[in-house]
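Asker: This is the structure I have questions about; it appears just below.
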Amino acid sequence: MYQFILRRILLAIPTLLVVSFIVFSMIRLDPESVVAARLGEGYDPDSQAADDVRAEYGLDQPFYTEYVAYLGRLVSGDWGKSSISFKPVLEEMAPKIGVTLELSLLAVFFSVVIGVPVGVFSAMRQDRWPDYVLRSIAIFGLSVPGFLIATVTLALTAYYLDWIPPIRYTSIRENPWHNFQQMALPAFILSLATSASVMRYSRTMMLDVLRQDYIRTAWAKGLRERVVIFRHALKNALLPVVTVLGLTMALLVGGTLIFEQIFSLPGIGYWLVFSVIQRDFAPVQGVTLFFALAVVIINLVVDISYTVLDPRARR
């Protein structure tokens, strides 16, 4: 078990190095754009101020030398400073991570609560009208972009119900109920595509398990449908769903960007868009690295949890 975890961690290191190299290279594709963003388009390239900006970003150093120094700063916790607020990137990022993580976890919760029961029920009613209806809804959830549903929902609730989610963000520590009111709608809409994916996968796996010999034996023994489904079939059917949830969790972390913009949530995605507009390069690099690190960690957790649930996967 420990060797398996160690192998997964070692395999994650090259991925992070590749991402860090790409992120580091972004501002070096056009170094003068960094200077122009700080000093304005009409700056003097030979001025002392321009040289100071180049020295701050390491643009006056050889590429590979500065990359090694960049990795050292990342490991030590120095992810650069914002050119807008002049605060360290990690210091500004810390409170925003909580908002994005809360939105993602709430969306995963809705995905599980909606997707798994609906998928199981659809499998139990295979090729009947409830199955057709639920599968059609799942296809709709997968086909329609989430940002379109969010925009239409906000427009309809504002026009017909005279209600919109609270604009001012309230943390869960300040007021849990007010926080839930603000986060529930974007998390629910964000989870629709994931719920549809989980529903279809749960249905497929449940149908596969229901055709196994031990399930036929359970039916032949005269056990009730509830006992057969929940005690014998559901546990084995849901094991592969863990992998789907892990992959969708990684997608949700990055997918919160648009929803944080639409619902004015001060998360990582909102900050990323603001930094891109302001041409603030250090936060853009930091957020990109955070998303990559989050995906690697989520995949690692999924691999470990799957081996705990099914020891056969360790082989």
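Every chain in the structure tokens has a letter given in the order shown (A, B, ...), and although residue numbers restart at 1 in each chain, ligands are simply numbered from 1 in the order shown.
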Considering only C-alpha atoms, tabulate each residue of range 142-191 of chain A that lies at most 10 Å from range 231-253 of chain A along with its nearest interatomic pair and the corresponding distance in Å to one decimal; arrange the rows by chain and ascending residue number and present them as JSON lines.

Answerer:
{"residue": "A:Ala187", "atom": "CA", "partner": "A:Leu252", "partner_atom": "CA", "distance": 9.8}
{"residue": "A:Leu190", "atom": "CA", "partner": "A:Leu252", "partner_atom": "CA", "distance": 7.6}
{"residue": "A:Ser191", "atom": "CA", "partner": "A:Leu252", "partner_atom": "CA", "distance": 8.2}

Asker: Using the selection just defined, write its residues with N, CA and C atoms as a PDB file, in the first residue's frame.

Answerer:
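File out_25.pdb, as written:
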ATOM      1  N   ALA A 187     -23.582  26.372  -7.045  1.00  0.00           N
ATOM      2  CA  ALA A 187     -23.087  25.008  -6.876  1.00  0.00           C
ATOM      3  C   ALA A 187     -24.029  24.006  -7.539  1.00  0.00           C
ATOM      4  N   LEU A 190     -23.637  24.356 -11.302  1.00  0.00           N
ATOM      5  CA  LEU A 190     -22.319  23.813 -11.651  1.00  0.00           C
ATOM      6  C   LEU A 190     -22.320  22.289 -11.634  1.00  0.00           C
ATOM      7  N   SER A 191     -23.151  21.703 -10.770  1.00  0.00           N
ATOM      8  CA  SER A 191     -23.166  20.246 -10.612  1.00  0.00           C
ATOM      9  C   SER A 191     -24.030  19.536 -11.653  1.00  0.00           C
TER      10      SER A 191
END

Asker: Compile a residue-level contact table for range 80-191 of chain A against range 282-296 of chain A at a cut-off of 6 Å, reporting for every qualifying residue the shortest atom pair and its distance in Å to one decimal, with only C-alpha atoms counted, rows ordered by chain and ascending number, as CSV.

Answerer:
residue,atom,partner,partner_atom,distance
A:Gly80,CA,A:Ala282,CA,5.6
A:Ser82,CA,A:Ala282,CA,5.8
A:Val89,CA,A:Pro283,CA,5.8

Asker: Rank nothing, just name the residue among A:Thr151, A:Thr194, A:Ser264, A:Thr65 nearest to Gln182 in chain A, using only C-alpha atoms.

Answerer: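 With only C-alpha atoms as the atom set, the closest residue is A:Ser264.
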
Asker: Name the residues in contact with Ser171 in chain A at a cut-off of 12 Å, using only C-alpha atoms, excluding same-chain residues fewer than 3 positions from it; report them as a list in words.

Answerer: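 Within the cut-off, the hits are Pro95, Lys96, Gly98, Val99, Thr100, Glu102, Leu103, Arg168, Glu174, Asn175, Pro176, Trp177, His178, Asn179, Phe180, Gln181, Gln182, Met183, Leu265, Pro266 and Gly267 of chain A.
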
Asker: Just the selected residues (N, CA and C atoms), exported as a compact mmCIF listing (two decimals), in the first residue's frame, please.

Answerer:
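Saved the output as again.txt:
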# COMPACT_ATOMS: atom_id res chain seq x y z
N PRO A 95 -7.26 33.17 1.17
CA PRO A 95 -8.71 33.26 1.44
C PRO A 95 -9.56 32.92 0.23
N LYS A 96 -9.04 33.10 -0.97
CA LYS A 96 -9.81 32.83 -2.18
C LYS A 96 -9.91 31.33 -2.44
N GLY A 98 -10.45 29.08 -0.24
CA GLY A 98 -11.59 28.58 0.53
C GLY A 98 -12.91 28.75 -0.20
N VAL A 99 -13.08 29.87 -0.90
CA VAL A 99 -14.32 30.11 -1.65
C VAL A 99 -14.46 29.11 -2.80
N THR A 100 -13.39 28.95 -3.57
CA THR A 100 -13.42 28.00 -4.69
C THR A 100 -13.61 26.57 -4.21
N GLU A 102 -15.04 25.58 -1.41
CA GLU A 102 -16.41 25.41 -0.92
C GLU A 102 -17.39 25.22 -2.06
N LEU A 103 -17.25 26.02 -3.11
CA LEU A 103 -18.14 25.89 -4.27
C LEU A 103 -17.97 24.53 -4.94
N ARG A 168 -23.00 40.61 -1.99
CA ARG A 168 -21.86 40.68 -1.07
C ARG A 168 -21.60 39.30 -0.49
N GLU A 174 -18.91 33.57 9.18
CA GLU A 174 -19.68 34.73 9.60
C GLU A 174 -21.16 34.41 9.74
N ASN A 175 -21.72 33.78 8.70
CA ASN A 175 -23.15 33.47 8.70
C ASN A 175 -23.37 32.25 7.81
N PRO A 176 -23.43 31.05 8.38
CA PRO A 176 -23.55 29.84 7.56
C PRO A 176 -24.79 29.84 6.65
N TRP A 177 -25.94 30.30 7.16
CA TRP A 177 -27.16 30.26 6.37
C TRP A 177 -27.08 31.24 5.20
N HIS A 178 -26.59 32.44 5.45
CA HIS A 178 -26.44 33.43 4.39
C HIS A 178 -25.43 32.93 3.35
N ASN A 179 -24.38 32.29 3.81
CA ASN A 179 -23.38 31.73 2.90
C ASN A 179 -23.99 30.63 2.03
N PHE A 180 -24.81 29.77 2.63
CA PHE A 180 -25.44 28.70 1.86
C PHE A 180 -26.40 29.27 0.82
N GLN A 181 -27.14 30.32 1.17
CA GLN A 181 -28.04 30.94 0.20
C GLN A 181 -27.27 31.45 -1.01
N GLN A 182 -26.09 31.96 -0.77
CA GLN A 182 -25.30 32.51 -1.87
C GLN A 182 -24.62 31.43 -2.69
N MET A 183 -24.23 30.33 -2.05
CA MET A 183 -23.45 29.29 -2.74
C MET A 183 -24.31 28.19 -3.34
N LEU A 265 -18.49 35.74 -6.91
CA LEU A 265 -17.88 35.04 -5.78
C LEU A 265 -16.37 35.29 -5.81
N PRO A 266 -15.80 35.77 -4.72
CA PRO A 266 -14.37 36.15 -4.72
C PRO A 266 -13.45 34.94 -4.57
N GLY A 267 -13.49 34.05 -5.55
CA GLY A 267 -12.66 32.86 -5.49
C GLY A 267 -11.43 32.98 -6.38

Asker: Would you list, as a PyMOL selection string, the residues of range 67-310 of chain A that end up in helix (DSSP H, G or I) under DSSP run on this structure's backbone?

Answerer: chain A and resi 67-76+89-124+129-143+146-160+176-210+213-220+225-262+268-278+281-309

Asker: Taking 5 positions as the minimum chain separation for residues in the same chain, which residues sit within 10 Å of range 126-143 of chain A when counting only C-alpha atoms? Answer as a compact mmCIF listing (two decimals) with C-alpha atoms, in the first residue's frame.

Answerer:
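Heads up, here's the output in part-v3.txt:
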# COMPACT_ATOMS: atom_id res chain seq x y z
CA GLY A 115 -26.60 11.50 -9.75
CA VAL A 118 -31.22 8.78 -10.09
CA GLY A 119 -28.79 6.44 -11.85
CA VAL A 120 -29.71 3.51 -9.61
CA PHE A 121 -33.44 4.16 -10.03
CA ILE A 149 -28.15 27.78 -17.59
CA ILE A 189 -26.03 24.65 -11.58
CA SER A 191 -23.17 20.25 -10.61
CA LEU A 192 -25.74 19.62 -13.36
CA ALA A 193 -23.31 18.31 -15.96
CA THR A 194 -21.46 16.32 -13.31
CA SER A 195 -24.73 14.91 -11.96
CA ALA A 196 -25.69 13.80 -15.46
CA SER A 197 -22.31 12.11 -15.93
CA VAL A 198 -22.52 10.38 -12.53
CA MET A 199 -26.11 9.34 -13.24
CA ARG A 200 -25.22 7.72 -16.57
CA ARG A 203 -26.84 3.40 -14.32
CA LEU A 207 -26.99 -2.69 -14.97

Asker: Just the residues within 12 Å of Ile9 in chain A, please, counting only C-alpha atoms, with nothing from its chain fewer than 4 positions along; format it as a ChimeraX atom specification.

Answerer: /A:2-5,13-16,293,296-301,303-304

Asker: Output C-alpha atoms for every residue in the selection just made, as a tab-separated table (two decimals), in the first residue's frame.

Answerer:
chain	number	residue	atom	x	y	z
A	2	TYR	CA	2.73	2.48	0.97
A	3	GLN	CA	4.77	1.55	-2.09
A	4	PHE	CA	1.72	2.23	-4.26
A	5	ILE	CA	1.26	5.68	-2.71
A	13	ILE	CA	6.47	15.17	-9.75
A	14	PRO	CA	7.25	15.18	-13.52
A	15	THR	CA	3.74	16.48	-14.22
A	16	LEU	CA	4.22	19.40	-11.83
A	293	LEU	CA	-1.42	21.09	-8.10
A	296	VAL	CA	-2.59	16.19	-9.20
A	297	ILE	CA	-3.63	15.95	-5.55
A	298	ILE	CA	-7.23	15.02	-6.42
A	299	ASN	CA	-6.05	12.27	-8.77
A	300	LEU	CA	-3.72	10.98	-6.06
A	301	VAL	CA	-6.52	10.90	-3.50
A	303	ASP	CA	-6.16	6.45	-6.68
A	304	ILE	CA	-5.58	5.86	-2.98

Asker: Report, in Å to a single decimal, how far apart CA of Phe24 in chain A and CA of Tyr67 in chain A are.

Answerer: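 The value is 7.1 Å.
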